[in-house]
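Visitor: Contents of my_file.txt (compact mmCIF, C-alpha atoms and all ligand atoms) are below:
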# COMPACT_ATOMS: atom_id res chain seq x y z
CA MET A 1 -13.80 30.10 -1.67
CA TYR A 2 -13.33 26.59 -3.09
CA ASP A 3 -15.86 23.83 -2.59
CA VAL A 4 -13.06 21.44 -1.63
CA ALA A 5 -9.34 21.76 -0.99
CA VAL A 6 -7.27 18.59 -1.27
CA VAL A 7 -3.97 18.54 0.61
CA GLY A 8 -1.45 16.30 -1.19
CA MET A 9 -1.75 15.16 -4.81
CA GLY A 10 -0.51 11.56 -4.50
CA PRO A 11 -2.86 8.74 -5.60
CA ALA A 12 -5.41 9.54 -2.85
CA GLY A 13 -5.46 13.31 -3.33
CA SER A 14 -5.45 13.27 -7.13
CA THR A 15 -8.20 10.64 -7.27
CA ALA A 16 -10.45 12.50 -4.82
CA ALA A 17 -9.82 15.81 -6.59
CA TYR A 18 -10.45 14.25 -10.01
CA LYS A 19 -13.75 12.66 -8.94
CA LEU A 20 -15.02 15.90 -7.37
CA ALA A 21 -13.97 18.09 -10.31
CA LYS A 22 -15.77 15.70 -12.68
CA LYS A 23 -18.92 16.35 -10.66
CA GLY A 24 -18.53 20.06 -11.34
CA TYR A 25 -17.22 21.27 -7.98
CA ARG A 26 -14.55 23.95 -7.62
CA VAL A 27 -11.55 22.00 -6.37
CA LEU A 28 -8.10 23.16 -5.22
CA GLY A 29 -5.23 20.62 -5.09
CA LEU A 30 -2.08 21.52 -3.16
CA ASP A 31 1.19 19.59 -3.06
CA LYS A 32 4.48 20.53 -1.47
CA GLU A 33 6.44 18.92 -4.33
CA HIS A 34 6.76 19.61 -8.06
CA PHE A 35 5.60 16.68 -10.24
CA PRO A 36 6.84 14.29 -11.45
CA ARG A 37 8.32 13.64 -7.99
CA TYR A 38 9.96 10.50 -6.63
CA LYS A 39 8.04 8.39 -4.08
CA SER A 40 9.72 5.56 -2.21
CA CYS A 41 7.45 2.60 -3.03
CA GLY A 42 7.49 -0.90 -4.50
CA GLY A 43 5.00 0.40 -7.05
CA CYS A 44 3.18 -2.92 -7.41
CA MET A 45 -0.56 -2.42 -7.30
CA SER A 46 -3.42 -4.83 -7.46
CA VAL A 47 -5.36 -5.22 -10.71
CA LYS A 48 -8.32 -4.07 -8.58
CA VAL A 49 -7.38 -0.46 -9.37
CA GLU A 50 -8.47 -0.95 -12.97
CA GLY A 51 -12.18 -0.53 -12.43
CA MET A 52 -11.72 2.50 -10.19
CA LEU A 53 -10.49 4.98 -12.77
CA ASP A 54 -12.32 5.97 -15.95
CA PHE A 55 -9.11 6.59 -17.93
CA ASP A 56 -6.39 4.38 -19.33
CA ILE A 57 -3.31 3.80 -17.16
CA SER A 58 -1.61 1.27 -19.45
CA GLY A 59 0.92 3.89 -20.65
CA VAL A 60 2.55 3.93 -17.20
CA VAL A 61 2.33 0.18 -16.46
CA GLU A 62 5.85 -1.23 -16.84
CA ASP A 63 5.01 -4.87 -16.12
CA THR A 64 1.89 -6.96 -15.54
CA VAL A 65 2.46 -9.46 -12.74
CA TYR A 66 1.53 -13.12 -13.21
CA SER A 67 3.97 -14.90 -10.94
CA ALA A 68 6.14 -14.59 -7.87
CA GLY A 69 9.50 -16.12 -7.06
CA PHE A 70 9.52 -16.71 -3.31
CA THR A 71 12.64 -17.32 -1.22
CA TYR A 72 13.38 -17.91 2.42
CA ARG A 73 16.37 -15.79 3.49
CA SER A 74 17.33 -15.56 -0.20
CA ALA A 75 17.44 -19.39 -0.46
CA ARG A 76 15.08 -22.30 -1.30
CA PRO A 77 13.36 -20.57 -4.28
CA ILE A 78 9.85 -21.54 -5.30
CA ASP A 79 7.88 -20.10 -8.20
CA ILE A 80 4.16 -19.66 -7.94
CA VAL A 81 2.27 -18.80 -11.10
CA SER A 82 -1.20 -17.35 -11.51
CA GLU A 83 -3.40 -17.94 -14.53
CA LYS A 84 -4.81 -14.43 -14.29
CA ALA A 85 -2.96 -11.10 -13.90
CA VAL A 86 -2.41 -10.22 -10.24
CA GLY A 87 -0.95 -6.72 -10.35
CA TYR A 88 0.73 -3.93 -12.27
CA ASN A 89 4.21 -2.56 -11.68
CA VAL A 90 4.56 1.19 -12.05
CA MET A 91 7.21 3.78 -11.29
CA ARG A 92 5.47 6.10 -8.88
CA ASP A 93 6.82 9.31 -10.37
CA ARG A 94 5.13 8.50 -13.71
CA PHE A 95 1.94 6.98 -12.23
CA ASP A 96 1.35 9.82 -9.77
CA ASN A 97 2.10 12.41 -12.43
CA LEU A 98 -0.55 10.84 -14.67
CA LEU A 99 -3.15 11.00 -11.88
CA MET A 100 -2.24 14.60 -11.05
CA GLU A 101 -2.47 15.62 -14.73
CA LYS A 102 -5.84 13.90 -15.08
CA ALA A 103 -7.08 15.86 -12.06
CA ALA A 104 -5.79 19.12 -13.53
CA GLY A 105 -7.37 18.20 -16.88
CA ALA A 106 -10.72 17.65 -15.14
CA GLY A 107 -10.58 21.23 -13.83
CA VAL A 108 -8.77 20.96 -10.48
CA GLU A 109 -6.66 24.04 -9.76
CA VAL A 110 -3.36 22.35 -8.86
CA ILE A 111 -0.72 24.35 -7.01
CA GLN A 112 2.64 22.59 -6.73
CA GLY A 113 5.47 23.49 -4.39
CA CYS A 114 2.92 24.55 -1.75
CA ARG A 115 3.28 22.97 1.70
CA VAL A 116 0.17 23.17 3.90
CA MET A 117 1.17 24.07 7.45
CA GLY A 118 -2.08 24.90 9.19
CA LEU A 119 -5.85 24.36 9.08
CA THR A 120 -8.48 26.42 10.87
CA ASP A 121 -12.03 25.12 10.83
CA THR A 122 -14.32 28.09 11.50
CA GLY A 123 -17.53 26.03 11.43
CA ASP A 124 -18.70 27.09 7.98
CA SER A 125 -15.38 26.83 6.10
CA VAL A 126 -11.73 25.87 6.55
CA THR A 127 -8.73 28.18 6.10
CA LEU A 128 -5.51 26.55 4.90
CA THR A 129 -2.22 28.20 5.74
CA CYS A 130 0.61 27.45 3.35
CA ASP A 131 4.32 27.91 3.19
CA GLY A 132 5.04 31.13 1.24
CA ALA A 133 1.51 31.61 -0.16
CA ALA A 134 -1.63 33.51 0.85
CA PRO A 135 -4.15 31.40 2.80
CA TYR A 136 -6.84 29.50 0.90
CA LYS A 137 -10.44 28.88 1.97
CA ALA A 138 -12.62 25.90 1.21
CA ARG A 139 -15.94 24.52 2.43
CA PHE A 140 -14.37 21.09 2.98
CA VAL A 141 -10.84 19.70 3.13
CA ILE A 142 -9.58 16.21 2.24
CA GLY A 143 -6.25 15.49 3.93
CA ALA A 144 -4.22 13.25 1.59
CA ASP A 145 -0.72 14.42 2.41
CA GLY A 146 0.68 10.97 3.16
CA ALA A 147 2.51 9.24 5.97
CA SER A 148 4.33 12.28 7.35
CA GLY A 149 2.00 15.02 6.14
CA PHE A 150 0.48 17.74 8.28
CA THR A 151 -3.18 16.78 8.39
CA GLY A 152 -2.84 13.27 9.87
CA ARG A 153 -0.04 14.02 12.29
CA ALA A 154 -0.60 17.57 13.50
CA TYR A 155 -4.31 18.13 12.89
CA PHE A 156 -5.72 14.69 13.74
CA GLY A 157 -2.91 13.64 16.07
CA LEU A 158 -2.43 10.16 14.53
CA ASP A 159 0.60 8.43 15.97
CA PRO A 160 3.54 8.30 13.53
CA ARG A 161 5.20 5.52 15.52
CA GLU A 162 2.42 3.11 14.66
CA ALA A 163 3.88 2.06 11.31
CA ALA A 164 6.31 -0.16 9.48
CA VAL A 165 9.74 1.13 8.56
CA SER A 166 11.39 0.52 5.22
CA VAL A 167 14.46 1.08 3.09
CA THR A 168 14.17 1.02 -0.70
CA SER A 169 16.39 1.45 -3.71
CA GLU A 170 15.97 1.63 -7.47
CA MET A 171 18.65 -0.67 -8.93
CA PRO A 172 19.37 -0.10 -12.64
CA TYR A 173 19.32 -3.36 -14.66
CA ASP A 174 19.16 -4.61 -18.23
CA ARG A 175 15.65 -5.96 -18.70
CA ALA A 176 16.50 -7.70 -21.98
CA ALA A 177 19.31 -9.65 -20.27
CA ALA A 178 17.29 -10.68 -17.20
CA ASP A 179 17.09 -14.46 -16.76
CA TRP A 180 13.43 -14.49 -15.77
CA GLU A 181 10.26 -14.01 -17.79
CA ASP A 182 8.39 -10.70 -17.81
CA GLY A 183 5.55 -10.69 -15.33
CA LYS A 184 7.50 -12.14 -12.41
CA LEU A 185 8.37 -10.44 -9.13
CA PHE A 186 10.32 -11.66 -6.11
CA ILE A 187 9.40 -11.85 -2.43
CA ASP A 188 11.68 -12.95 0.39
CA PHE A 189 10.38 -14.19 3.75
CA GLY A 190 12.37 -14.79 6.89
CA SER A 191 14.91 -12.01 6.67
CA ILE A 192 12.84 -9.16 8.15
CA PRO A 193 11.02 -9.44 11.49
CA PHE A 194 7.30 -8.92 10.87
CA GLY A 195 7.84 -7.97 7.25
CA TYR A 196 9.42 -9.05 3.99
CA GLY A 197 11.85 -8.11 1.24
CA TRP A 198 10.81 -7.47 -2.36
CA ILE A 199 12.17 -7.03 -5.89
CA PHE A 200 9.65 -5.56 -8.33
CA PRO A 201 10.95 -5.34 -11.93
CA LYS A 202 10.23 -2.24 -14.01
CA ASN A 203 11.60 -1.18 -17.42
CA GLU A 204 14.93 0.26 -16.28
CA PHE A 205 15.02 -0.46 -12.56
CA LEU A 206 14.42 -3.18 -10.06
CA SER A 207 12.48 -1.52 -7.24
CA VAL A 208 14.03 -3.25 -4.23
CA GLY A 209 13.15 -2.88 -0.57
CA VAL A 210 12.56 -4.29 2.87
CA ALA A 211 9.89 -3.29 5.38
CA GLY A 212 9.04 -4.51 8.85
CA ASP A 213 7.07 -3.54 11.92
CA ILE A 214 8.84 -0.67 13.66
CA SER A 215 8.53 -2.23 17.12
CA LYS A 216 10.22 -5.47 15.98
CA VAL A 217 12.80 -4.07 13.55
CA GLY A 218 13.93 -1.15 15.68
CA GLY A 219 17.12 0.47 14.39
CA SER A 220 18.28 -2.51 12.34
CA ILE A 221 16.39 -1.80 9.11
CA LYS A 222 19.45 -0.52 7.19
CA ASP A 223 21.48 -3.62 8.12
CA LEU A 224 18.58 -5.87 7.11
CA PHE A 225 18.34 -4.06 3.77
CA HIS A 226 22.09 -4.38 3.19
CA SER A 227 22.00 -8.08 3.96
CA PHE A 228 19.01 -8.61 1.60
CA VAL A 229 20.55 -6.80 -1.38
CA THR A 230 23.89 -8.54 -0.98
CA THR A 231 22.52 -12.09 -0.68
CA HIS A 232 19.58 -12.33 -3.09
CA GLU A 233 20.55 -14.16 -6.29
CA VAL A 234 18.64 -11.79 -8.59
CA LEU A 235 20.61 -8.79 -7.32
CA LYS A 236 24.09 -10.29 -7.68
CA GLY A 237 26.37 -7.90 -9.62
CA LEU A 238 23.86 -5.02 -9.64
CA LYS A 239 24.60 -1.62 -8.15
CA LEU A 240 22.42 0.22 -5.67
CA GLY A 241 20.72 3.34 -7.03
CA ARG A 242 19.18 5.99 -4.82
CA CYS A 243 18.22 4.66 -1.37
CA ASP A 244 15.44 6.02 0.80
CA GLY A 245 14.00 5.30 4.22
CA TRP A 246 10.26 5.78 4.61
CA MET A 247 7.36 4.85 6.84
CA VAL A 248 4.51 2.59 5.80
CA PRO A 249 1.58 3.86 7.91
CA SER A 250 -0.20 0.54 8.30
CA PHE A 251 -3.64 0.29 9.83
CA TYR A 252 -3.30 -0.41 13.54
CA GLY A 253 -6.86 -0.97 14.66
CA PHE A 254 -7.43 2.52 16.07
CA THR A 255 -10.82 3.93 16.86
CA ARG A 256 -9.94 7.56 16.17
CA PRO A 257 -12.47 8.91 13.63
CA LEU A 258 -11.02 10.15 10.34
CA VAL A 259 -13.66 12.88 10.04
CA GLU A 260 -13.45 15.99 12.18
CA GLY A 261 -15.68 19.01 11.47
CA ARG A 262 -15.17 19.81 7.79
CA VAL A 263 -11.95 17.84 7.36
CA LEU A 264 -11.53 14.15 6.50
CA LEU A 265 -8.54 11.92 5.75
CA ALA A 266 -7.88 9.50 2.90
CA GLY A 267 -5.03 7.15 1.98
CA ASP A 268 -1.78 7.03 3.96
CA THR A 269 -2.71 10.14 5.94
CA GLY A 270 -5.36 8.09 7.73
CA HIS A 271 -3.16 4.95 8.11
CA LEU A 272 -5.35 3.29 5.50
CA VAL A 273 -2.73 0.74 4.44
CA ASP A 274 -3.14 -3.05 4.53
CA PRO A 275 -1.09 -4.26 7.53
CA PHE A 276 -0.01 -7.57 5.94
CA LEU A 277 1.43 -6.58 2.55
CA GLY A 278 1.67 -2.84 3.04
CA GLU A 279 -0.58 -2.45 0.02
CA GLY A 280 -1.58 1.20 -0.01
CA ILE A 281 -2.14 2.36 -3.60
CA TYR A 282 -5.43 0.50 -4.00
CA TYR A 283 -6.63 1.70 -0.59
CA ALA A 284 -5.55 5.27 -1.40
CA LEU A 285 -7.82 5.16 -4.45
CA LEU A 286 -10.64 3.34 -2.64
CA THR A 287 -10.73 5.71 0.34
CA ALA A 288 -10.30 8.76 -1.91
CA ILE A 289 -13.46 7.69 -3.75
CA GLY A 290 -15.26 7.12 -0.41
CA ALA A 291 -14.10 10.55 0.82
CA ALA A 292 -15.12 12.26 -2.43
CA ASP A 293 -18.60 10.67 -2.23
CA ALA A 294 -19.05 11.94 1.33
CA VAL A 295 -17.87 15.46 0.46
CA SER A 296 -20.15 15.50 -2.54
CA ALA A 297 -23.12 14.44 -0.34
CA ALA A 298 -22.18 17.17 2.18
CA LEU A 299 -22.01 19.81 -0.57
CA GLU A 300 -25.39 18.68 -1.91
CA SER A 301 -27.24 18.69 1.41
CA SER A 302 -25.55 19.31 4.77
CA PRO A 303 -22.10 19.01 6.41
CA ASP A 304 -23.40 16.13 8.60
CA LYS A 305 -23.21 13.93 5.51
CA LEU A 306 -19.44 13.86 5.92
CA SER A 307 -19.88 11.28 8.70
CA GLN A 308 -21.08 8.72 6.13
CA TYR A 309 -17.37 8.31 5.29
CA GLN A 310 -16.57 7.11 8.80
CA ARG A 311 -19.45 4.66 8.78
CA TRP A 312 -18.38 3.36 5.36
CA LEU A 313 -14.78 2.87 6.56
CA GLU A 314 -16.00 0.92 9.58
CA ARG A 315 -18.35 -1.21 7.52
CA GLU A 316 -16.36 -1.85 4.33
CA VAL A 317 -12.67 -1.18 4.91
CA TYR A 318 -11.66 -1.81 8.53
CA PRO A 319 -12.94 -5.42 8.66
CA GLU A 320 -10.57 -6.25 5.76
CA PHE A 321 -7.67 -4.53 7.53
CA LYS A 322 -8.45 -6.41 10.74
CA ALA A 323 -8.40 -9.71 8.85
CA ALA A 324 -5.11 -8.69 7.17
CA GLU A 325 -3.73 -7.99 10.65
CA ARG A 326 -4.70 -11.53 11.72
CA ILE A 327 -3.05 -12.98 8.59
CA SER A 328 0.04 -10.95 9.31
CA ASN A 329 0.22 -12.25 12.91
CA LEU A 330 -0.22 -15.81 11.68
CA ILE A 331 2.49 -15.59 9.02
CA TYR A 332 5.06 -13.14 10.37
CA ARG A 333 5.19 -14.76 13.81
CA HIS A 334 5.97 -18.12 12.20
CA GLN A 335 7.79 -17.29 8.97
CA ARG A 336 9.80 -20.57 8.83
CA LEU A 337 6.73 -22.69 9.37
CA TRP A 338 4.77 -20.59 6.85
CA TYR A 339 7.50 -21.01 4.23
CA ALA A 340 7.69 -24.76 4.76
CA MET A 341 3.90 -24.88 4.33
CA ILE A 342 3.91 -23.03 1.00
CA GLU A 343 6.82 -25.18 -0.22
CA ARG A 344 4.62 -28.24 0.33
CA GLU A 345 1.34 -26.62 -0.66
CA PRO A 346 1.96 -23.80 -3.17
CA HIS A 347 -1.78 -23.58 -3.89
CA ILE A 348 -2.09 -21.67 -0.57
CA MET A 349 -0.19 -18.80 -2.17
CA GLN A 350 -2.11 -19.20 -5.40
CA ARG A 351 -5.26 -18.72 -3.39
CA PHE A 352 -3.76 -15.62 -1.80
CA PHE A 353 -3.18 -14.21 -5.31
CA GLY A 354 -6.98 -14.26 -5.49
CA VAL A 355 -7.11 -12.00 -2.44
CA ILE A 356 -4.73 -9.53 -4.09
CA ARG A 357 -6.79 -9.64 -7.28
CA GLY A 358 -9.99 -9.00 -5.31
CA ASP A 359 -11.62 -12.38 -6.11
CA GLU A 360 -11.66 -13.24 -2.41
CA SER A 361 -11.48 -11.25 0.83
CA ASN A 362 -8.77 -11.32 3.52
CA ARG A 363 -11.51 -12.51 5.87
CA SER A 364 -12.41 -15.59 3.88
CA PHE A 365 -8.74 -16.40 3.20
CA TYR A 366 -7.94 -16.22 6.91
CA ASP A 367 -10.94 -18.43 7.79
CA TRP A 368 -9.90 -20.95 5.13
CA VAL A 369 -6.32 -21.15 6.48
CA GLN A 370 -7.64 -21.53 10.02
CA SER A 371 -10.02 -24.29 9.04
CA ARG A 372 -7.23 -26.19 7.25
CA VAL A 373 -5.00 -25.92 10.29
CA ARG A 374 -7.78 -27.17 12.57
CA SER A 375 -9.04 -29.95 10.32
CA LYS A 376 -5.63 -31.30 9.20
CA PRO A 377 -3.17 -30.61 12.01
CA TRP A 378 -0.79 -33.32 10.75
CA ARG A 379 -0.08 -31.16 7.68
CA VAL A 380 1.11 -28.38 9.98
CA LEU A 381 3.19 -30.86 11.95
CA ARG A 382 4.78 -32.15 8.74
CA SER A 383 5.58 -28.58 7.64
CA TRP A 384 6.98 -27.84 11.09
CA ILE A 385 9.35 -30.80 10.72
CA ASP A 386 10.35 -29.54 7.22
CA SER A 387 10.86 -26.04 8.57
CA ARG A 388 13.68 -27.32 10.83
CA ARG A 389 15.78 -27.64 7.66
CA LEU A 390 15.33 -23.97 6.66
CA PRO A 391 18.12 -21.51 7.53
CA VAL A 392 17.75 -19.92 11.00
C1 LIG B 1 8.78 1.46 0.98
C2 LIG B 1 7.34 1.42 0.57
C3 LIG B 1 6.92 0.50 -0.36
C4 LIG B 1 5.58 0.45 -0.74
N1 LIG B 1 5.21 -0.41 -1.71
C5 LIG B 1 3.92 -0.46 -2.11
C6 LIG B 1 3.53 -1.31 -3.18
O1 LIG B 1 4.33 -1.99 -3.80
N2 LIG B 1 2.20 -1.35 -3.48
C7 LIG B 1 1.27 -0.59 -2.83
O2 LIG B 1 0.07 -0.68 -3.16
N3 LIG B 1 1.63 0.26 -1.84
C8 LIG B 1 2.93 0.36 -1.49
N4 LIG B 1 3.31 1.25 -0.52
C9 LIG B 1 2.30 2.15 0.05
C10 LIG B 1 2.02 3.32 -0.93
O3 LIG B 1 3.23 3.93 -1.29
C11 LIG B 1 1.12 4.35 -0.26
O4 LIG B 1 0.06 3.69 0.37
C12 LIG B 1 0.56 5.37 -1.27
O5 LIG B 1 1.58 6.20 -1.74
C13 LIG B 1 -0.51 6.22 -0.60
O6 LIG B 1 -0.89 7.28 -1.42
P1 LIG B 1 -1.32 8.67 -0.76
O7 LIG B 1 -1.82 9.51 -1.88
O8 LIG B 1 -2.18 8.43 0.42
O9 LIG B 1 0.04 9.30 -0.17
P2 LIG B 1 1.37 9.72 -0.92
O10 LIG B 1 1.59 8.92 -2.11
O11 LIG B 1 2.43 9.73 0.13
O12 LIG B 1 1.11 11.23 -1.37
C14 LIG B 1 1.08 12.28 -0.44
C15 LIG B 1 1.36 13.58 -1.18
O13 LIG B 1 1.22 14.65 -0.23
C16 LIG B 1 2.25 15.59 -0.43
N5 LIG B 1 2.44 16.30 0.84
C17 LIG B 1 3.01 15.83 1.98
N6 LIG B 1 2.94 16.78 2.95
C18 LIG B 1 2.31 17.85 2.41
C19 LIG B 1 1.93 19.12 2.91
N7 LIG B 1 2.16 19.46 4.18
N8 LIG B 1 1.32 19.99 2.07
C20 LIG B 1 1.06 19.66 0.78
N9 LIG B 1 1.40 18.46 0.25
C21 LIG B 1 2.00 17.56 1.06
C22 LIG B 1 3.44 14.75 -0.86
O14 LIG B 1 4.38 15.51 -1.59
C23 LIG B 1 2.78 13.67 -1.72
O15 LIG B 1 2.75 14.02 -3.09
C24 LIG B 1 4.64 1.34 -0.14
C25 LIG B 1 5.07 2.28 0.80
C26 LIG B 1 6.41 2.34 1.13
C27 LIG B 1 6.87 3.39 2.10
Taking this structure as input, can you express it in the form of structure tokens?
Ligand SMILES: Cc1cc2nc3c(=O)[nH]c(=O)nc-3n(C[C@H](O)[C@H](O)[C@H](O)COP(=O)(O)OP(=O)(O)OC[C@H]3O[C@@H](n4cnc5c(N)ncnc54)[C@H](O)[C@@H]3O)c2cc1C

Guide:
Amino acid sequence: MYDVAVVGMGPAGSTAAYKLAKKGYRVLGLDKEHFPRYKSCGGCMSVKVEGMLDFDISGVVEDTVYSAGFTYRSARPIDIVSEKAVGYNVMRDRFDNLLMEKAAGAGVEVIQGCRVMGLTDTGDSVTLTCDGAAPYKARFVIGADGASGFTGRAYFGLDPREAAVSVTSEMPYDRAAADWEDGKLFIDFGSIPFGYGWIFPKNEFLSVGVAGDISKVGGSIKDLFHSFVTTHEVLKGLKLGRCDGWMVPSFYGFTRPLVEGRVLLAGDTGHLVDPFLGEGIYYALLTAIGAADAVSAALESSPDKLSQYQRWLEREVYPEFKAAERISNLIYRHQRLWYAMIEREPHIMQRFFGVIRGDESNRSFYDWVQSRVRSKPWRVLRSWIDSRRLPV
């Protein structure tokens, strides 16, 4: 009998398992893959992650982001620079492997190549049924098996269609020959309905992708990806590496609790992904820590303590996601107008860098944009006139 079993050893699972093992609990970590494993992802995470881990991650950081080169449909480039670091670019196979190894080093019993296929909550423990292995038993379970894992979909019944769809590729490139400074990434607006295209430079690869709301993009995501990689200036002459399609399980304002009996969900499994940028690594770590705290409280006193996780999500995390959803409606519904606005007033984007860094919340950024629109409507009108000159 384990104190806790963690299903999935991505950033959420490894972080929760690590934190609980450090507290002295007997922790089991199961993952269907063998690490290091590939994960389709931009791999750009906010500098906010830094204070959340008590070990050094600099060995897997391939670039520290200070600026972004924006384009509209691969044209009209503008560079926006931040004085302070905004994010870190990592390759997910190396980053996730580091987190998994740290968890194992802290005492978590990690079993790789083990797919969880069933959970039975008997009231005083949970039995986990796995592919090709004897069942395991734990007092509590943290489901962290990602966007298409078992615990969110089959056990909690979260809707897989409520997500963004994406296509990504790792494009090999020569970093020394690149004609931009280290610390820059690229974002393209206007070419993906309710989404964007990105190029995040790493040591050997450009992590390239497009993602957009499934209901708006429909079946056209591959064509949109093809058009993006063949038109963006930075990608001219480069060859596509491996390509993958994946879901980004963005938050969609549901009211379904993420705690049920002795099981709770963290990270992508619970759709705990920012609906504007699709930022999920930071939230995987944040919610893993919240989940680990609740499990630890339940192990110390009583299983009811697990519900503190739900209350914490509703108080601390969902309001930010709801504000990000409002920002996303504002910007993605009017991408031409938005682009014309940041061309005229790049400090809007600089201020948004502060949101990514954690200096300001989505809520206050949204309120600030709203108040500018209301108090200076002529600026919006001027940008609207400019936007007529952007490609349709
Ligand atoms: C195209 C794309 C680009 C993205 N870009 C960014 C970005 O640039 N920055 C950012 O912050 N976020 C980004 N995200 C989001 C980010 O990838 C996720 O939010 C993050 O991986 C969540 O971590 P997690 O641990 O919850 O899930 P995952 O990383 O998906 O880990 C889940 C783990 O569970 C395992 N698993 C699955 N099923 C089972 C099972 N049945 N039994 C056992 N194990 C199982 C998997 O093998 C995996 O190791 C992107 C997502 C996509 C799809």

Visitor: Report, in Å with one decimal, the straight-line distance from CA of Leu277 in chain A to CA of Val259 in chain A.

Guide: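 So the two atoms, CA of Leu277 in chain A and CA of Val259 in chain A, lie 25.7 Å apart.
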
Visitor: Enumerate, in order of chain and increasing residue number, the residues of range 50-158 of chain A with an atom no farther than 12 Å from range 252-257 of chain A, each with its shortest atom pair and distance in Å to one decimal, counting all atoms listed in the file, as CSV.

Guide:
residue,atom,partner,partner_atom,distance
A:Gly152,CA,A:Arg256,CA,11.1
A:Phe156,CA,A:Arg256,CA,8.6
A:Gly157,CA,A:Arg256,CA,9.3
A:Leu158,CA,A:Arg256,CA,8.1

Visitor: Here is a test: counting all atoms listed in the file, which residue of A:Asp145, A:Asp3, A:Asp121, A:Asp56 is nearest to Leu30 in chain A?

Guide: A:Asp145

Visitor: Can you pull out every residue with an atom within 7 Å of ligand LIG 1 (chain B)? Use only C-alpha atoms and all ligand atoms and format it as a ChimeraX atom specification.

Guide: /A:7-13,30-33,39-46,114-117,144-150,166-168,209,211,246-248,266-269,273,278-282,284

Visitor: With only C-alpha atoms as the counted atoms, please give the residues lying no more than 8 Å from Leu99 in chain A, apart from itself and same-chain residues fewer than 3 positions off, as a list in words.

Guide: Gly10, Pro11, Ser14, Thr15, Phe95, Asp96, Lys102 and Ala103 of chain A

Visitor: Can you measure CA of Lys184 in chain A to CA of Arg94 in chain A for me? One decimal in Å is fine.

Guide: 20.8 Å

Visitor: Need the shell around Phe200 in chain A: protein/DNA/RNA residues with any atom at most 10 Å away, counting only C-alpha atoms. Skip same-chain ones fewer than 6 positions apart. Format as a PDB file with C-alpha atoms, in the frame of the given file?

Guide:
ATOM      1  CA  CYS A  41       7.450   2.600  -3.030  1.00  0.00           C
ATOM      2  CA  GLY A  42       7.490  -0.900  -4.500  1.00  0.00           C
ATOM      3  CA  GLY A  43       5.000   0.400  -7.050  1.00  0.00           C
ATOM      4  CA  CYS A  44       3.180  -2.920  -7.410  1.00  0.00           C
ATOM      5  CA  ASP A  63       5.010  -4.870 -16.120  1.00  0.00           C
ATOM      6  CA  VAL A  65       2.460  -9.460 -12.740  1.00  0.00           C
ATOM      7  CA  ALA A  68       6.140 -14.590  -7.870  1.00  0.00           C
ATOM      8  CA  TYR A  88       0.730  -3.930 -12.270  1.00  0.00           C
ATOM      9  CA  ASN A  89       4.210  -2.560 -11.680  1.00  0.00           C
ATOM     10  CA  VAL A  90       4.560   1.190 -12.050  1.00  0.00           C
ATOM     11  CA  GLU A 170      15.970   1.630  -7.470  1.00  0.00           C
ATOM     12  CA  GLY A 183       5.550 -10.690 -15.330  1.00  0.00           C
ATOM     13  CA  LYS A 184       7.500 -12.140 -12.410  1.00  0.00           C
ATOM     14  CA  LEU A 185       8.370 -10.440  -9.130  1.00  0.00           C
ATOM     15  CA  PHE A 186      10.320 -11.660  -6.110  1.00  0.00           C
ATOM     16  CA  ILE A 187       9.400 -11.850  -2.430  1.00  0.00           C
ATOM     17  CA  LEU A 206      14.420  -3.180 -10.060  1.00  0.00           C
ATOM     18  CA  SER A 207      12.480  -1.520  -7.240  1.00  0.00           C
ATOM     19  CA  VAL A 208      14.030  -3.250  -4.230  1.00  0.00           C
ATOM     20  CA  GLY A 209      13.150  -2.880  -0.570  1.00  0.00           C
TER      21      GLY A 209
END

Visitor: Can you measure CA of Asn203 in chain A to CA of Leu238 in chain A for me? One decimal in Å is fine.

Guide: 15.0 Å

Visitor: Determine the nearest neighbour of Val27 in chain A from the options A:Val141, A:Val165, A:Leu53, A:Ile192, counting all atoms listed in the file.

Guide: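 Closest residue, counting all atoms listed in the file: A:Val141.
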
Visitor: Rebuild range 324-330 of chain A to N, CA and C atoms - output it as a PDB file, in the frame of the given file, please.

Guide:
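The file below, result00.pdb, is the result:
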ATOM      1  N   ALA A 324      -6.500  -8.722   7.662  1.00  0.00           N
ATOM      2  CA  ALA A 324      -5.110  -8.690   7.170  1.00  0.00           C
ATOM      3  C   ALA A 324      -4.145  -8.681   8.364  1.00  0.00           C
ATOM      4  N   GLU A 325      -4.562  -8.021   9.434  1.00  0.00           N
ATOM      5  CA  GLU A 325      -3.730  -7.990  10.650  1.00  0.00           C
ATOM      6  C   GLU A 325      -3.617  -9.404  11.247  1.00  0.00           C
ATOM      7  N   ARG A 326      -4.731 -10.149  11.206  1.00  0.00           N
ATOM      8  CA  ARG A 326      -4.700 -11.530  11.720  1.00  0.00           C
ATOM      9  C   ARG A 326      -3.814 -12.410  10.832  1.00  0.00           C
ATOM     10  N   ILE A 327      -3.902 -12.202   9.509  1.00  0.00           N
ATOM     11  CA  ILE A 327      -3.050 -12.980   8.590  1.00  0.00           C
ATOM     12  C   ILE A 327      -1.589 -12.641   8.883  1.00  0.00           C
ATOM     13  N   SER A 328      -1.342 -11.354   9.082  1.00  0.00           N
ATOM     14  CA  SER A 328       0.040 -10.950   9.310  1.00  0.00           C
ATOM     15  C   SER A 328       0.581 -11.538  10.620  1.00  0.00           C
ATOM     16  N   ASN A 329      -0.238 -11.614  11.663  1.00  0.00           N
ATOM     17  CA  ASN A 329       0.220 -12.250  12.910  1.00  0.00           C
ATOM     18  C   ASN A 329       0.505 -13.734  12.698  1.00  0.00           C
ATOM     19  N   LEU A 330      -0.381 -14.375  11.947  1.00  0.00           N
ATOM     20  CA  LEU A 330      -0.220 -15.810  11.680  1.00  0.00           C
ATOM     21  C   LEU A 330       1.085 -16.084  10.930  1.00  0.00           C
TER      22      LEU A 330
END
